[in-house]
Structure formats: C-alpha cells, structure tokens
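K.L.:
Would you mind keeping the following structure in view while I ask a few things?
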Amino acid sequence: MNFSEWEPLYAAILDDLGIDRGADERARDRLAALTTPFDLDRLTFEGETVVIVGGGPIETDTPIEQADRVVAAGGGIEHCQRADASIDLVVTDLDTDPETVVSLTHHGTPVAVAAHGDNVPAIERHVPAMDRDNVLATTQAKPVEHVVNAGGFTDGDRAAFIADHCGADALVFLGWVFDDSDVAPMKHRKLLWAKRLLWVLEQRRHERLSVLDGHRSAIDTDDLGDHG
Ligand SMILES: Nc1ncnc2c1ncn2[C@@H]1O[C@H](COP(=O)(O)OP(=O)(O)OP(=O)(O)O)[C@@H](O)[C@H]1O
Ligand SMILES: Nc1nc2c(c(=O)[nH]1)N=C(CO)CN2
C-alpha cells in the first residue's frame with residue numbers, strides 16, 4: 001500500500017484515537033537517524049504461506065510451522081519461542097519484551113521496528129543496541145529516507161501489510177482474538193482498528209482472511225474507502 005492510499009486511513013485513526021501526527025513524524029525522524037537502509041529483497045515471500053502470530057491467546061492446535069514463513073507481531077514472539085518455531089520477521093513497536101527483540105537481531109532475525117509518538121524512549125534505548133543490519137525502520141506517518149510505510153497500525157495488522165508487500169501468497173493467523181475480554185479499553189479500540197485494516201487488506205488482496213470469519217458483519221466499513 002502506498003502512502004496516498006494509507007493516508008486517509010491514518011488520518012481516521014489519528015482522529016479516532018487522538019494521536020498527534022507531528023509526534024509520529026518526529027519519532028520517525030529519530031528512528032531514521034538511528035538506522036540504515038534495509039534491503040527488502042531479503043523478505044521475499046512470493047508463493048509462500050505466511051503465518052502472522054499475534055499476541056492474543058492461541059485457541060487451536062494448529063502448529064505455527066504449518067506455514068512456510070513465520071512473522072511474529074509484538075508479543076507473538078513468545079508464542080513462537082514456546083513452540084520452538086523459527087521466526088522469519090519480527091514486527092514490533094518495542095512495547096513487549098524489547099530485550100528479546102534486540103537479541104534476535106544479533107542472531108540474524110530481521111526486525112521491523114515501528115516508531116510512533118509514544119515510543120521514542122524505547123526507540124532511543126533499544127535500537128542502538130540492535131544489529132543495525134537486521135533492522136527495518138518503519139513508520140505509520142509519511143515515509144522518509146529509508147523508513148518504510150507498507151500500511152497498518154497495530155503490530156499485528158502492520159505485520160500482515162508487510163507480508164503482503166513482500167508478496168505473500170496466503171496469509172494465516174494465530175494468536176488473534178479480537179473479542180478478548182482481558183484487554184484494556186485502549187487496546188480494545190486498537191484491536192477494532194486492526195480488524196478494520198485487515199478488512200481493507202482482504203479487499204485489496206481479493207482474498208478472505210480467515211481471521212475475520214464471524215467478524216465481517218460487525219465491521220464498520222464507513223470511511224475505509226474503496227479498496228476492491
Ligand atoms: N487478543 C489480543 N491481544 C493482543 N494482541 C492481539 C490480540 N489479538 C490479536 N492481536 C494482535 O497481536 C499483536 C501483538 O500483540 P501484543 O499485545 O503482544 O503486542 P503489542 O506489542 O502490545 O501490540 P501493539 O503495540 O500493536 O498494541 C497486536 O498488535 C494485535 O494486532
Ligand atoms: N502515536 C501512537 N501510535 C501508535 C500507538 C500509540 O500508542 N501511539 N500504538 C500502536 C499500537 O499499539 C500503534 N501506533
């Protein structure tokens with residue numbers, strides 16, 4: 001997804017969640033200064049099934065490594081490690097277990113780090129400790145220099161947009177529970193956006209994402225635009 005397609009969705013998220021665009025842009029610029037270009041050709045998912053492992057409960061016996069590629073979103077890293085599954089890409093804004101994320105970069109795992117207005121201290125603390133060769137800098141604001149925006153907001157839906165950008169043939173999901181009563185109200189609002197953005201992604205891909213089964217009729221698609 002290019003920025004002109006993403007921008008109206010981003011504007012709606014900023015409005016709904018009261019996020020400051022200028023703060024996101026300053027965070028993006030800080031991350032740009034701490035990182036170097038990452039060759040996205042390292043993440044070619046063409047012809048492959050990619051599992052997006054989220055941080056919610058896993059409610060099936062389906063093994064993570066049923067898929068060709070494993071993308072861990074935020075706390076989804078823990079699910080992968082518990083299952084001893086090798087991770088092809090981590091997507092994170094560093095609010096869950098940043099020490100493990102740093103360590104993974106030193107073991108060769110690519111990590112897409114998102115900068116936003118509320119994580120600059122985490123960026124400044126943890127990014128310099130990473131192996132820069134394995135850091136893909138990302139933003140939800142307008143992309144600049146080597147900082148990429150493939151679309152998406154929460155770690156999980158951003159992971160799905162990146163996998164799509166990298167040519168994933170099919171997307172499957174583990175560790176996703178939208179109606180999780182254990183999450184705080186703000187997290188619940190973010191998960192509503194994750195759901196809406198995955199709906200946008202499935203329109204674009206002309207593919208029904210199984211994670212949305214049973215949820216589509218309740219998704220408010222007003223203001224999401226035409227992505228078919
Ligand atoms: N029940 C759930 N609880 C948390 N995350 C979920 C859930 N269901 C799906 N997810 C997806 O898994 C991703 C990782 O979840 P987790 O709570 O571990 O990460 P996080 O670092 O807090 O994520 P974020 O910073 O995006 O809020 C979320 O970004 C979300 O897209
Ligand atoms: N500015 C800002 N951006 C975000 C935030 C957040 O708390 N603040 N949380 C996200 C997913 O948790 C994604 N993006």
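Labels used: A, B, ... for chains in the order of the structure tokens, numbers from 1 for residues in each chain, and numbers from 1 for ligands as shown.
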Go through the chains and note each residue within 7 Å of ligand 1, using only C-alpha atoms and all ligand atoms, then give the set as number ranges by chain.
P.N.:
A: 53-57, 73-76, 92-96, 153-157, 175-180, 183, 187, 190-191, 194
K.L.:
Residues within 6 Å of ligand 2, counting only C-alpha atoms and all ligand atoms: report them as a PyMOL selection string.
P.N.:
chain A and resi 19+24+116-118+153-154
K.L.:
Which one is closest to A:Arg132: A:Ser217, A:Ser4, A:Ser103, A:Thr36? Count only C-alpha atoms.
P.N.:
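Selected residue with least distance to A:Arg132: A:Thr36.
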K.L.:
Expressed in Å to a single decimal, how great is the separation between atom CA of A:Asp164 and atom CA of A:Asp226?
P.N.:
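Distance between the two atoms: 17.9 Å.
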K.L.:
Ranking A:His215, A:Arg125, A:Phe3, A:Ser210 by minimum distance to A:Phe173 and counting only C-alpha atoms, which one comes first?
P.N.:
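Among the listed residues, A:Ser210 lies closest to A:Phe173.
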K.L.:
Excluding same-chain residues fewer than 6 positions from A:Pro63, what lies within 12 Å of it counting only C-alpha atoms, as a list in words?
P.N.:
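Everything that qualifies: Val51, Val53, Val70, His79, Cys80, Arg82, Ala83, Asp84, Ala85, Val172, Phe173, Leu174 and Gly175 of chain A.
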K.L.:
Which of these residues is nearest to A:Gly152, using only C-alpha atoms: A:Asp97, A:Ala129, A:Lys195, A:Glu207?
P.N.:
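Checking each of A:Asp97, A:Ala129, A:Lys195, A:Glu207 against A:Gly152, counting only C-alpha atoms, the winner is A:Lys195.
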K.L.:
Give the strand (DSSP E or B) residues of chain A, as DSSP finds them on the backbone, and put them as a ChimeraX atom specification.
P.N.:
/A:46,49-53,69-73,89-92,111-115,135-139,148,168,170-174
K.L.:
Taking only C-alpha atoms into account, which of A:Asn149, A:Thr60, A:Gln140, A:Thr105 comes nearest A:Val127?
P.N.:
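Nearest to A:Val127: A:Thr105.
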